[in-house]
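Chemist: Handing you this structure, nothing more for now.
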Amino acid sequence: MRQIAYDDLVKSVKAMVMHTASHLPEDALAAIEKAYEEEQSEVAKSVLKQILDNAHLASEEDRPLCQDTGLAVYFINVGEDVKVVGGSIRDAINQATEEAYKEGYLRASTCDCFDRHNLKDEVGYNLPAVIHFDIVPGDRIEIEYAAKGGGSENVSRATVLAPAQGKEGIKNFVKQVISDAGPNPCPPIIVGVGIGGTFEVAAKSSKHALFREAGTPNPNPDLDAFEKELKEELNKLGIGAMGMGGTQTVLAVHIEKNPCHIASLPVSVNVQCHSSRHSHITL
Amino acid sequence: MAEYHMTTPLSDEDVSKLEAGDIVYLNGTIYTARDAAHKRLVDLIEKGEQLPFDLKGSVIYFVGPTPPKPGEPIGSAGPTTSYRMDSYSPILIEHGQKGMIGKGKRNEAVKEACKKYKAVYFGATGGAGALIAKAIKKAEVIAYPELGPEAIRKLEVEEFPVTVINDTHGNDLYEMGRAKYEVKD
Ligand code: SF4
């Protein structure tokens, strides 16, 4: 059984979280640059320019890209032949999150869902982290991380369609969600679509779809074609950067599908703003 | 689309000449407030008590910044989504507020108040928090420090870049911009 020291795990995750807050990953940057080139509206172009300037400034001066430094969301695949010694994986992730958010001068944004008081003092600074664990073969720990802001999360939606509604129904639902969202999720956006599974599996898949690098093709050719079709449809909405009108609303559509019950067709849409802060490490 | 450089407090005359789509560079003092602070301001108005700052001609920025690094006035400070302030803004506008800065759609009541009492809603670029912070020269918490990022701050800004979304004539840039680029099958 391979062993990983608790403190090493904390150190690696903390460094990743701190770096991600101020460095927009290459894939997002390239997608925004492409949108800037192709945008036809002058107003939207000037917004895209600000977004790019902001990304460069943030990484040069190590400042948070956005004041909403998000909830810390992790997808973690733990190999069956690896063990963390000195503490639990969950504690390590939470400790790394708290230390990174505090020391990086990031915002603590977790609160009680009813009285809305910030949980930084009783649970921990920006804790708890949102962690989705899975167990996989092998002796590695794979960690995918995103700092997920509230603006784009607020417009995300899930539903269960009737099987007969099929692809057309999915397309209409996705279009409705993005149309209703308009300027609110800070377009240009990446749209994660989870299809099939059960209600919660669709939702989780729609989030996980956002972790794929923007601009990479879907390994399934049918889904890849569907992604391109959806992207084109969504860009016809004319929402544009920050909703000011334009041709570049959606940077990419990412789909994940799952087998589902013969009676249902769950669909979930999770929206990612242009500040697509994500990273991954393998230990 | 025109470009203006304006200094707060804003007058009826200042805001009346602005049209949806215009770019404005703001200078002077602006105040920050989010949901919780808005609720308190409106409570004070309803009780007839004094507010922590003068609303007349004021511009309120919807923002909850990141903590400042040592020696800096403020952390990253981009706009938050504005609809959460929709139930409060009309009352503040009625009492003299002239400008709001945020991102995202406002409801009819806010747009009506902008027309009736002469006020404008400005959009700032969401997610450009590091860039926008450069325009903020000073920041001071003047009320509700217990609200943390949601406390009311007095900001001194220089050439703070915003775009007019809702003007005093009933125009809405989100609707106009989208109508122009929407492709109907
Ligand atoms: S939606 Fe994204 S870019 Fe916009 S304010 Fe929220 S985290 Fe920042």
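Residues are referred to by chain and number: the chain letter is A, B, ... according to the order shown in the structure tokens, the number counts from 1 in that chain, and ligands are numbered separately from 1 in the order shown.
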Restrict the distance test to only C-alpha atoms, flag each residue of chain A within 6 Å of chain B, and return the flagged residues as a count of residues only.
Modeler: 21
Chemist: Give me the chain A side of the contact with ligand 1, cut-off 10 Å, one line per residue showing its nearest atom pair and distance in Å at one decimal, counting only C-alpha atoms and all ligand atoms, sorted by chain and residue number, as a tab-separated table.
Modeler:
```
residue	atom	partner	partner_atom_place_in_ligand_line	distance
A:Ile51	CA	ligand 1	3 (S)	9.2
A:Pro64	CA	ligand 1	8 (Fe)	9.9
A:Leu65	CA	ligand 1	8 (Fe)	7.8
A:Cys66	CA	ligand 1	8 (Fe)	4.8
A:Gln67	CA	ligand 1	8 (Fe)	6.4
A:Asp68	CA	ligand 1	7 (S)	4.8
A:Thr69	CA	ligand 1	7 (S)	6.4
A:Gly70	CA	ligand 1	7 (S)	6.3
A:Leu71	CA	ligand 1	7 (S)	9.6
A:Ala147	CA	ligand 1	7 (S)	8.2
A:Lys148	CA	ligand 1	7 (S)	6.5
A:Gly149	CA	ligand 1	7 (S)	3.7
A:Gly150	CA	ligand 1	6 (Fe)	5.3
A:Gly151	CA	ligand 1	1 (S)	3.8
A:Ser152	CA	ligand 1	1 (S)	4.6
A:Glu153	CA	ligand 1	1 (S)	7.7
A:Asn154	CA	ligand 1	1 (S)	8.8
A:Val155	CA	ligand 1	1 (S)	9.7
A:Pro183	CA	ligand 1	1 (S)	9.6
A:Asn184	CA	ligand 1	1 (S)	7.2
A:Pro185	CA	ligand 1	1 (S)	4.6
A:Cys186	CA	ligand 1	4 (Fe)	4.5
A:Pro187	CA	ligand 1	4 (Fe)	8.0
A:Pro188	CA	ligand 1	3 (S)	9.5
A:Ile189	CA	ligand 1	2 (Fe)	9.0
A:Met242	CA	ligand 1	4 (Fe)	8.8
A:Val271	CA	ligand 1	1 (S)	9.0
A:Gln272	CA	ligand 1	2 (Fe)	7.1
A:Cys273	CA	ligand 1	2 (Fe)	4.5
A:His274	CA	ligand 1	3 (S)	5.9
A:Ser275	CA	ligand 1	3 (S)	4.8
A:Ser276	CA	ligand 1	2 (Fe)	7.5
A:Arg277	CA	ligand 1	7 (S)	9.0
```
Chemist: Might you pull out every residue within 6 Å of Ile195 in chain A, with only C-alpha atoms counted and same-chain residues fewer than 4 positions away left off, and present them as a list of chain:residue names?
Modeler: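 My reading of the contact set: A:Ala202, A:Lys257, A:Pro266, A:Val267.
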Chemist: How about saving the chosen residues, N, CA, C and O atoms kept, as a short mmCIF file (atom, residue, chain, number, x, y, z; two decimals), in the first residue's frame?
Modeler:
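Generated output (part-v7.cif):
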```cif
data_model
loop_
_atom_site.label_atom_id
_atom_site.label_comp_id
_atom_site.auth_asym_id
_atom_site.auth_seq_id
_atom_site.Cartn_x
_atom_site.Cartn_y
_atom_site.Cartn_z
N ALA A 202 -27.17 13.64 -12.52
CA ALA A 202 -27.16 14.62 -13.61
C ALA A 202 -26.54 15.93 -13.11
O ALA A 202 -25.71 16.54 -13.79
N LYS A 257 -22.66 12.28 -20.07
CA LYS A 257 -23.91 11.51 -20.04
C LYS A 257 -23.77 10.26 -19.18
O LYS A 257 -22.65 9.76 -18.95
N PRO A 266 -33.14 12.77 -16.83
CA PRO A 266 -32.68 13.92 -16.03
C PRO A 266 -31.70 14.79 -16.84
O PRO A 266 -30.88 14.26 -17.59
N VAL A 267 -31.81 16.09 -16.67
CA VAL A 267 -30.91 17.03 -17.33
C VAL A 267 -30.55 18.13 -16.34
O VAL A 267 -31.41 18.68 -15.67
#
```
Chemist: To test your reading of the structure, identify every residue in chain B that backbone DSSP assigns to alpha helix (DSSP H), and report it as an mmCIF file with C-alpha atoms, in the first residue's frame.
Modeler:
```
data_model
loop_
_atom_site.group_PDB
_atom_site.id
_atom_site.type_symbol
_atom_site.label_atom_id
_atom_site.label_comp_id
_atom_site.auth_asym_id
_atom_site.auth_seq_id
_atom_site.Cartn_x
_atom_site.Cartn_y
_atom_site.Cartn_z
ATOM 1 C CA ASP B 12 -30.077 65.451 -11.860
ATOM 2 C CA GLU B 13 -28.427 67.225 -14.746
ATOM 3 C CA ASP B 14 -25.450 64.833 -14.766
ATOM 4 C CA VAL B 15 -27.545 61.691 -14.863
ATOM 5 C CA SER B 16 -30.184 63.009 -17.274
ATOM 6 C CA ASP B 35 -27.879 42.913 0.696
ATOM 7 C CA ALA B 36 -27.451 43.115 4.459
ATOM 8 C CA ALA B 37 -26.317 46.760 4.443
ATOM 9 C CA HIS B 38 -29.175 47.723 2.113
ATOM 10 C CA LYS B 39 -31.657 46.203 4.490
ATOM 11 C CA ARG B 40 -30.240 48.267 7.343
ATOM 12 C CA LEU B 41 -30.280 51.497 5.325
ATOM 13 C CA VAL B 42 -33.915 50.995 4.395
ATOM 14 C CA ASP B 43 -34.810 50.182 8.022
ATOM 15 C CA LEU B 44 -33.214 53.483 9.089
ATOM 16 C CA ILE B 45 -35.188 55.410 6.469
ATOM 17 C CA GLU B 46 -38.416 53.771 7.588
ATOM 18 C CA LYS B 47 -37.708 54.674 11.197
ATOM 19 C CA SER B 89 -32.946 50.393 -4.391
ATOM 20 C CA PRO B 90 -36.220 52.236 -5.241
ATOM 21 C CA ILE B 91 -36.540 53.522 -1.659
ATOM 22 C CA LEU B 92 -32.939 54.771 -1.654
ATOM 23 C CA ILE B 93 -33.443 56.412 -5.048
ATOM 24 C CA GLU B 94 -36.560 58.151 -3.784
ATOM 25 C CA GLU B 108 -39.263 47.054 -13.331
ATOM 26 C CA ALA B 109 -39.582 48.850 -9.997
ATOM 27 C CA VAL B 110 -35.916 49.873 -10.118
ATOM 28 C CA LYS B 111 -36.159 50.999 -13.740
ATOM 29 C CA GLU B 112 -39.315 53.000 -12.914
ATOM 30 C CA ALA B 113 -37.557 54.668 -9.978
ATOM 31 C CA CYS B 114 -34.639 55.586 -12.274
ATOM 32 C CA LYS B 115 -37.093 57.351 -14.579
ATOM 33 C CA LYS B 116 -39.233 58.987 -11.943
ATOM 34 C CA TYR B 117 -36.533 60.277 -9.586
ATOM 35 C CA GLY B 129 -11.930 42.553 -9.614
ATOM 36 C CA ALA B 130 -8.171 43.010 -9.780
ATOM 37 C CA LEU B 131 -8.401 45.607 -12.550
ATOM 38 C CA ILE B 132 -11.209 47.577 -10.912
ATOM 39 C CA ALA B 133 -9.362 47.680 -7.589
ATOM 40 C CA LEU B 173 -28.719 48.207 -22.498
ATOM 41 C CA TYR B 174 -29.213 44.495 -21.787
ATOM 42 C CA GLU B 175 -32.407 44.478 -23.833
ATOM 43 C CA MET B 176 -31.075 46.753 -26.572
ATOM 44 C CA GLY B 177 -27.761 44.922 -26.936
ATOM 45 C CA ARG B 178 -29.347 41.517 -27.018
ATOM 46 C CA ALA B 179 -32.052 42.544 -29.517
ATOM 47 C CA LYS B 180 -29.332 43.755 -31.825
ATOM 48 C CA TYR B 181 -27.352 40.498 -31.841
#
```
Chemist: Excluding same-chain residues fewer than 5 positions from Leu251 in chain A, what lies within 8 Å of it counting only C-alpha atoms, as a PDB file with C-alpha atoms, in the first residue's frame?
Modeler:
```pdb
ATOM      1  CA  ALA A  31     -11.046  30.706 -25.228  1.00  0.00           C
ATOM      2  CA  ILE A  32     -11.571  34.309 -24.119  1.00  0.00           C
ATOM      3  CA  ALA A  35     -13.961  35.291 -28.340  1.00  0.00           C
ATOM      4  CA  PRO A 188     -18.843  34.668 -21.707  1.00  0.00           C
ATOM      5  CA  ILE A 189     -19.609  31.385 -19.979  1.00  0.00           C
ATOM      6  CA  ILE A 190     -18.847  27.687 -20.152  1.00  0.00           C
ATOM      7  CA  ALA A 214     -12.282  24.314 -22.669  1.00  0.00           C
ATOM      8  CA  LYS A 231     -22.889  26.212 -28.583  1.00  0.00           C
TER       9      LYS A 231
END
```
Chemist: Please identify all polymer residues within 12 Å of Ala72 in chain A, counting only C-alpha atoms, omitting same-chain residues fewer than 3 positions from it, and present them as an MDAnalysis selection string.
Modeler: chainID A and resid 13:14 16:18 20:21 68:69 75 93:98 100:101 106:110 125:132 144:150 277:279
Chemist: Hey, which of B:Lys17, B:Lys56, B:Arg34, B:Arg153 ends up closest to Lys138 in chain B? Count only C-alpha atoms.
Modeler: B:Arg153
Chemist: Between CA of Val253 in chain A and CA of Gly240 in chain A, what is the distance in Å, rounded to a tenth?
Modeler: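 Spanning CA of Val253 in chain A to CA of Gly240 in chain A is a straight-line distance of 15.6 Å.
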Chemist: DSSP on the backbone, then: every residue of range 17-125 of chain B marked strand (DSSP E or B), written as a PyMOL selection string.
Modeler: chain B and resi 23-32+59-61+81+99-103+120-123
Chemist: For Glu156 in chain B, work out the shell of residues within 8 Å, counting only C-alpha atoms and skipping chain neighbours fewer than 5 positions away, then give it as a list in words.
Modeler: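 The residues that qualify are Asn27, Gly28, Thr29, Ile30, Ile136, Lys137, Lys138 and Ala139 of chain B.
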Chemist: Save out the residues we just selected, N, CA, C and O atoms, as a tab-separated table (two decimals), in the first residue's frame.
Modeler:
```tsv
chain	number	residue	atom	x	y	z
B	27	ASN	N	-15.31	59.62	-10.62
B	27	ASN	CA	-14.29	60.13	-9.71
B	27	ASN	C	-14.96	60.59	-8.42
B	27	ASN	O	-16.14	60.92	-8.43
B	28	GLY	N	-14.20	60.62	-7.34
B	28	GLY	CA	-14.75	61.12	-6.08
B	28	GLY	C	-15.11	59.99	-5.14
B	28	GLY	O	-14.49	58.93	-5.14
B	29	THR	N	-16.15	60.23	-4.33
B	29	THR	CA	-16.52	59.28	-3.29
B	29	THR	C	-17.68	58.40	-3.74
B	29	THR	O	-18.67	58.90	-4.27
B	30	ILE	N	-17.55	57.10	-3.55
B	30	ILE	CA	-18.70	56.21	-3.73
B	30	ILE	C	-18.77	55.30	-2.50
B	30	ILE	O	-17.79	55.17	-1.76
B	136	ILE	N	-9.52	52.24	-7.25
B	136	ILE	CA	-9.92	52.59	-5.88
B	136	ILE	C	-8.68	53.01	-5.09
B	136	ILE	O	-7.78	52.22	-4.86
B	137	LYS	N	-8.66	54.28	-4.72
B	137	LYS	CA	-7.44	54.82	-4.11
B	137	LYS	C	-7.47	54.73	-2.59
B	137	LYS	O	-6.43	54.69	-1.93
B	138	LYS	N	-8.67	54.80	-2.02
B	138	LYS	CA	-8.79	54.76	-0.56
B	138	LYS	C	-10.05	54.01	-0.22
B	138	LYS	O	-11.04	54.09	-0.95
B	139	ALA	N	-10.04	53.30	0.90
B	139	ALA	CA	-11.26	52.63	1.35
B	139	ALA	C	-11.30	52.68	2.87
B	139	ALA	O	-10.27	52.50	3.53
```
Chemist: Between CA of Asn166 in chain B and CA of Ala20 in chain B, what distance in Å does the model show, to one decimal?
Modeler: 5.7 Å
Chemist: Residues within 12 Å of Thr198 in chain A, please, as an NGL selection string. Count only C-alpha atoms; anything in the same chain fewer than 3 positions from it doesn't count.
Modeler: :A and (158-161 or 194-195 or 201-205 or 257-268)
Chemist: Could you write out the selected residues, including C-alpha atoms, as a tab-separated table (two decimals), in the first residue's frame?
Modeler:
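Below you can see part.tsv, which holds the result:
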```tsv
chain	number	residue	atom	x	y	z
A	158	ALA	CA	-31.85	20.86	-13.12
A	159	THR	CA	-34.97	19.06	-14.31
A	160	VAL	CA	-36.22	15.63	-15.26
A	161	LEU	CA	-37.64	15.47	-18.77
A	194	GLY	CA	-25.21	16.55	-17.23
A	195	ILE	CA	-27.59	14.16	-18.92
A	201	VAL	CA	-26.12	12.24	-10.81
A	202	ALA	CA	-27.16	14.62	-13.61
A	203	ALA	CA	-26.41	17.61	-11.36
A	204	LYS	CA	-23.03	16.27	-10.33
A	205	SER	CA	-22.13	15.43	-13.95
A	257	LYS	CA	-23.91	11.51	-20.04
A	258	ASN	CA	-24.95	8.57	-17.85
A	259	PRO	CA	-27.23	5.58	-18.23
A	260	CYS	CA	-30.64	6.33	-16.74
A	261	HIS	CA	-33.96	4.79	-15.72
A	262	ILE	CA	-36.26	3.71	-18.58
A	263	ALA	CA	-38.86	6.19	-17.32
A	264	SER	CA	-36.76	9.33	-17.00
A	265	LEU	CA	-34.38	11.76	-18.68
A	266	PRO	CA	-32.68	13.92	-16.03
A	267	VAL	CA	-30.91	17.03	-17.33
A	268	SER	CA	-28.84	19.52	-15.40
```
